[in-house]
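**Q** One structure follows; several queries about it will come next.
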Amino acid sequence: MKLKNIFSMMAGTMMALASCSPDDYGFGAAQYSADDLKAPDAYTVTVDGNRVYLNSKISGCTPLWVTPNGRSQDEEITLELPFAGEYEVTFGAETRAGAVFGEPYKFTIAQNDFTMLDNPLWFYLADKNYLKGSQFPDEQTLIEGISKKWYPGDKDYGLGFAGPVMYMAPYNPTNKEGGYTAEEEANLVCKPVPFGRANWAPNWDPGFQSWLIPEDDPYLDSYMEFSMDATNGCVAKMYRGESGSKGSSTGKNLVGKFNLGLIDKEHPTISFSDCYAMHNIGFDETCSNYTQDIIIAELTPYYLCLVTKRTNSEGTWYLVWNFVSEEVRNTNGACIPAEEAALLKTSKPVLPEYENLLTDLFSVENNGITYVGNGITYTVSEDVPYDIMNWNGAPAANKWETVLNGEYKYNWSPAPGDNTWDNELVLSKASDGTIAYAYGDTEGKVTLNGNTITFSEGITFLTTSNDLCKVAIEGKTFTILEMNATEGMTLGIPNGNDANGNVTSYMVVNLNTKPIGGGQTGPLVVALTDDYYEHSWVENGCLRLGFHHYGDGGTGIFKDAASVKLKKNQTIKVTFSLKSGLTWTKTPKCALIDNNIKTTWEQGCFDLEDAATVNTSGETTVTLTNNTGATQKFTPTCLDLSIQLDGYLDGYVSGDTPDVFEKISCVIE
């Protein structure tokens, strides 16, 4: 049996994720010995509660990290360690002479922070006693430890698969029937595998094949055991059956670490160190990556589905690896509740309806008053120019949900190009009742029909790409997903279908109504409170002042942190002066530090170009420029001012927080 298209076709722009090889390393001219690779000269380790920030300071070589959360080659890393205890990080470099590592750097996490385990996926994965609706394990249980085993799918348990591996089209995770048209193949848009069986479907379930994985394959004896405890953290123990047959196999045992990536809740991942996402030995060379950012397509107390991307000569495709919990295997599936046994029942997508679309289209709000005119101008949003909207058909939701929200940091979400904001959409009513439009050099007529808008000559609102993905929002007919006079409108093109052909995902462009009389000019003055001392503290030998610190419940001197947006290429400028009567033995430096743009903390932040020398007897201005290519907000993370303190301020007593600020102002320009 051969799967149509599996072994022959794959048109598109998405490249295979390459594995790390010597050709990938930036060897440069630098050479390092083990003695060179010590903190803080070669790297820094900054402990902030249960978050640890690692920053490489080497050049000319690829950094090599061994951390409690796994291995990495990134310049900067943020670790989240929920459990108190003693930890260590080993830092190395890949040189022309090979990999060189320094001695381990030991550090202490003083307290448990189990709030980092607030997503139930942690416990679906690693707690055999945790079921849907359960209370999170209490603190003592987490300290002592939890664990759970997962086995390859070796039969049909009624969970929607028949064997251990399935196939999924990488550009069509919802398995659109009928394949692609020639036009669709020429304009493929990357579609990440969404979480939850309501949102993806295999295009081939081979069951058991003699040439693939037969029903007596030794691989079916394999297992992955995930555990968490306060002594060892997140541990993955594995056995892989590699020879013999099911029930009497021999193979390989591994012990390593795992870490869940849950920042993007729509696309969770898992990474491994010193072990791997379980797969049979015959597929070792089929995928180049079985360790880093492995897609979790489904995870319930009974079913775990991991997805890897095929990168061999057969062409790009997704391999879907099915696992069942130990309890499912032991009870032959009898433990699975009826509501879990079949695919999730979801509702049919419902598109918005507009009773007065023509009026809405020409409405604009100013100072709380809505005006309806004969002409209006729309501009592409600077905050979130494009997004993906998916239909959440779960019974408790039944709504369209956005995915990116301005975070263009994934392989499948390239940052908008510089030309995104070049054109404005100008609409005007003619005396004969028709609607004319102009967009750049394109002109024509507009037709409204229900919840769609059609441009006679077609429009390209946005194109952007990276090495792996192309996004193009263009065409003649667009679905209007959102419309109001305050926020403008959101137009979409189909981006995915369910098994019945219903569109369940749209790639959208967000258009804002241009304000009457134009927008603000000049710097934006940011409102601040004056309780500087209340939001100051000492960290890493430096005085910190928090403009905003972590989350909706965070605090700082921003009066309205949620309204502070730093758009692409904008600069936030802080000017401050210090109180008189202080004696500085050396002139300190200062810097604005954050999680979004620089992610470089003390003391490395003072070596960067935007660090400033403090005028201890006058005003000091320090800046932070948004060079990420997307609008940044600070409420989810933090923005601090840091000033060198220990060894600089005369009379400073370790552990105290000196009261030094006289006045502060902040503008965005």
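Residues in the structure tokens are numbered from 1 in each chain, the chains being A, B, ... in the order shown, and ligands are numbered from 1 in the order shown.
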Enumerate the residues of range 423-586 of chain A with a DSSP assignment of strand (DSSP E or B), computed from the backbone, and present them as a PyMOL selection string.
**A** chain A and resi 424-429+435-439+442-449+452-465+470-484+488-497+503-513+524-525+528+536-539+542-549+555+558+565-566+571-578+584
**Q** Using only C-alpha atoms, which protein or nucleic acid residues come within 8 Å of Asn627 in chain A? Drop anything in the same chain fewer than 4 positions from it, and give the result as a ChimeraX atom specification.
**A** /A:568-569,597
**Q** Could you please take those selected residues and save N, CA and C atoms as a PDB file, in the first residue's frame?
**A**
```pdb
ATOM      1  N   LYS A 568       7.152  49.339  16.502  1.00  0.00           N
ATOM      2  CA  LYS A 568       8.370  49.030  15.745  1.00  0.00           C
ATOM      3  C   LYS A 568       9.209  50.290  15.555  1.00  0.00           C
ATOM      4  N   ASN A 569      10.488  50.199  15.941  1.00  0.00           N
ATOM      5  CA  ASN A 569      11.482  51.268  15.794  1.00  0.00           C
ATOM      6  C   ASN A 569      11.225  52.477  16.692  1.00  0.00           C
ATOM      7  N   ILE A 597      12.908  42.896  24.503  1.00  0.00           N
ATOM      8  CA  ILE A 597      13.756  43.438  23.441  1.00  0.00           C
ATOM      9  C   ILE A 597      15.216  43.041  23.638  1.00  0.00           C
TER      10      ILE A 597
END
```
**Q** Taking 3 positions as the minimum chain separation for residues in the same chain, which residues sit within 12 Å of Gly604 in chain A when counting only C-alpha atoms? Answer as a compact mmCIF listing (two decimals) with N, CA and C atoms, in the first residue's frame.
**A**
```txt
# COMPACT_ATOMS: atom_id res chain seq x y z
N ALA A 39 32.05 31.62 34.61
CA ALA A 39 31.24 32.79 34.93
C ALA A 39 32.04 33.68 35.89
N PRO A 40 31.93 35.02 35.80
CA PRO A 40 31.04 35.76 34.89
C PRO A 40 31.73 36.23 33.62
N ASP A 41 32.98 35.79 33.37
CA ASP A 41 33.70 36.30 32.21
C ASP A 41 33.14 35.78 30.90
N ALA A 42 32.85 34.47 30.83
CA ALA A 42 32.36 33.89 29.58
C ALA A 42 30.84 33.87 29.50
N TYR A 43 30.20 33.88 30.65
CA TYR A 43 28.73 33.86 30.68
C TYR A 43 28.26 34.34 32.04
N THR A 44 27.01 34.73 32.10
CA THR A 44 26.43 35.16 33.36
C THR A 44 25.21 34.31 33.69
N VAL A 45 24.99 34.11 34.99
CA VAL A 45 23.83 33.39 35.50
C VAL A 45 23.13 34.33 36.49
N THR A 46 21.93 34.75 36.16
CA THR A 46 21.18 35.68 37.00
C THR A 46 19.94 34.98 37.53
N TYR A 53 18.28 33.52 34.30
CA TYR A 53 18.63 34.08 33.01
C TYR A 53 20.10 33.77 32.70
N LEU A 54 20.34 33.09 31.60
CA LEU A 54 21.69 32.73 31.17
C LEU A 54 22.06 33.57 29.96
N ASN A 55 23.26 34.12 29.95
CA ASN A 55 23.69 34.99 28.87
C ASN A 55 25.13 34.67 28.49
N SER A 56 25.34 34.24 27.24
CA SER A 56 26.69 33.97 26.75
C SER A 56 27.41 35.27 26.43
N LYS A 57 28.69 35.33 26.76
CA LYS A 57 29.50 36.51 26.45
C LYS A 57 30.65 36.19 25.50
N ILE A 58 30.68 34.94 24.98
CA ILE A 58 31.76 34.57 24.08
C ILE A 58 31.45 35.04 22.67
N GLU A 76 21.12 33.52 24.62
CA GLU A 76 20.46 33.85 25.88
C GLU A 76 19.34 32.85 26.14
N ASN A 540 21.47 41.89 42.09
CA ASN A 540 22.75 41.72 41.38
C ASN A 540 23.69 42.90 41.63
N LYS A 589 27.02 53.35 35.77
CA LYS A 589 26.30 53.32 34.51
C LYS A 589 24.89 52.83 34.78
N CYS A 590 24.00 53.09 33.83
CA CYS A 590 22.62 52.66 33.98
C CYS A 590 22.12 52.12 32.64
N ALA A 591 21.01 51.38 32.68
CA ALA A 591 20.41 50.82 31.47
C ALA A 591 18.95 50.49 31.74
N LEU A 592 18.13 50.56 30.71
CA LEU A 592 16.78 50.04 30.75
C LEU A 592 16.83 48.58 30.35
N ILE A 593 16.26 47.70 31.15
CA ILE A 593 16.33 46.26 30.91
C ILE A 593 14.92 45.69 30.88
N LYS A 598 15.80 43.42 24.78
CA LYS A 598 17.22 43.14 25.00
C LYS A 598 17.44 41.82 25.72
N THR A 599 16.65 41.56 26.75
CA THR A 599 16.76 40.36 27.59
C THR A 599 18.19 40.18 28.12
N THR A 600 18.90 41.27 28.30
CA THR A 600 20.25 41.23 28.87
C THR A 600 20.22 41.96 30.20
N TRP A 601 20.69 41.29 31.26
CA TRP A 601 20.56 41.81 32.61
C TRP A 601 21.93 42.19 33.16
N ASP A 607 27.28 46.91 29.26
CA ASP A 607 28.24 46.88 28.15
C ASP A 607 27.58 47.14 26.81
N LEU A 608 26.25 47.23 26.79
CA LEU A 608 25.53 47.43 25.53
C LEU A 608 25.55 48.90 25.13
N GLU A 609 25.27 49.14 23.84
CA GLU A 609 25.39 50.49 23.31
C GLU A 609 24.43 51.47 23.95
N ASP A 610 23.25 51.01 24.37
CA ASP A 610 22.29 51.96 24.91
C ASP A 610 22.43 52.19 26.42
N ALA A 611 23.45 51.59 27.05
CA ALA A 611 23.73 51.93 28.44
C ALA A 611 24.23 53.37 28.51
N SER A 642 18.04 50.03 35.75
CA SER A 642 19.07 49.45 36.62
C SER A 642 20.27 50.38 36.67
N GLN A 644 24.20 50.80 38.53
CA GLN A 644 25.26 50.16 39.31
C GLN A 644 25.32 50.79 40.70
```
**Q** For Asp383 in chain A, find every residue with an atom within 8 Å (counting only C-alpha atoms), except residues of its own chain fewer than 5 positions away, and show them as a ChimeraX atom specification.
**A** /A:406,567,630-631
**Q** Generate a file of the selected residues that holds all heavy atoms, formatted as a short mmCIF file (atom, residue, chain, number, x, y, z; two decimals), in the first residue's frame.
**A**
```cif
data_model
loop_
_atom_site.label_atom_id
_atom_site.label_comp_id
_atom_site.auth_asym_id
_atom_site.auth_seq_id
_atom_site.Cartn_x
_atom_site.Cartn_y
_atom_site.Cartn_z
N GLY A 406 0.22 39.79 17.85
CA GLY A 406 1.37 40.66 17.68
C GLY A 406 2.70 40.04 18.00
O GLY A 406 3.74 40.71 17.95
N LYS A 567 6.00 50.68 19.67
CA LYS A 567 5.84 50.17 18.32
C LYS A 567 7.20 49.94 17.65
O LYS A 567 8.24 50.33 18.18
CB LYS A 567 4.98 51.12 17.49
CG LYS A 567 3.56 51.30 18.03
CD LYS A 567 2.76 52.29 17.22
CE LYS A 567 1.37 52.47 17.78
NZ LYS A 567 0.58 53.47 17.02
N ALA A 630 8.10 44.20 15.80
CA ALA A 630 6.70 44.10 16.21
C ALA A 630 6.49 44.94 17.45
O ALA A 630 7.42 45.20 18.22
CB ALA A 630 6.32 42.65 16.49
N THR A 631 5.25 45.39 17.66
CA THR A 631 4.91 46.17 18.83
C THR A 631 5.14 45.36 20.11
O THR A 631 4.82 44.18 20.16
CB THR A 631 3.44 46.63 18.77
OG1 THR A 631 3.28 47.48 17.63
CG2 THR A 631 3.03 47.38 20.03
#
```
**Q** I'd like to know which of A:Tyr239, A:Trp537, A:Phe107, A:Tyr130 is closest to Tyr276 in chain A, using only C-alpha atoms.
**A** A:Tyr239
**Q** Fewer than 3 positions away in the same chain doesn't count, so skip those; otherwise give me all residues within 12 Å of Val660 in chain A, counting only C-alpha atoms, as an MDAnalysis selection string.
**A** chainID A and resid 531:534 536:537 543:545 576:584 616:617 643 645 649 652 657 663:664
**Q** Might you pull out every residue within 12 Å of Phe455 in chain A, with only C-alpha atoms counted and same-chain residues fewer than 4 positions away left off, and present them as number ranges by chain?
**A** A: 425, 427, 435-439, 442-449, 459-461, 474-479
**Q** Could you tell me how far CA of Ser134 in chain A lies from CA of Glu225 in chain A, in Å and to one decimal?
**A**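 That distance, rounded to one decimal, is 20.8 Å.
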**Q** CA of Val667 in chain A and CA of Glu382 in chain A, how far apart in Å?
**A** 18.6 Å
**Q** How many Å separate CA of Ser288 in chain A from CA of Asn312 in chain A?
**A** 7.9 Å
**Q** Run DSSP on the backbone and give me the residues of range 117-312 of chain A it puts in helix (DSSP H, G or I), as a PyMOL selection string.
**A** chain A and resi 117+121-126+139-144+182-186+218-221+281-283
**Q** Between A:Met166, A:Tyr378, A:Val471, A:Val255, which has the minimum distance to Gln209 in chain A (counting only C-alpha atoms)?
**A**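 The shortest atom-to-atom distance to Gln209 in chain A comes from A:Met166.
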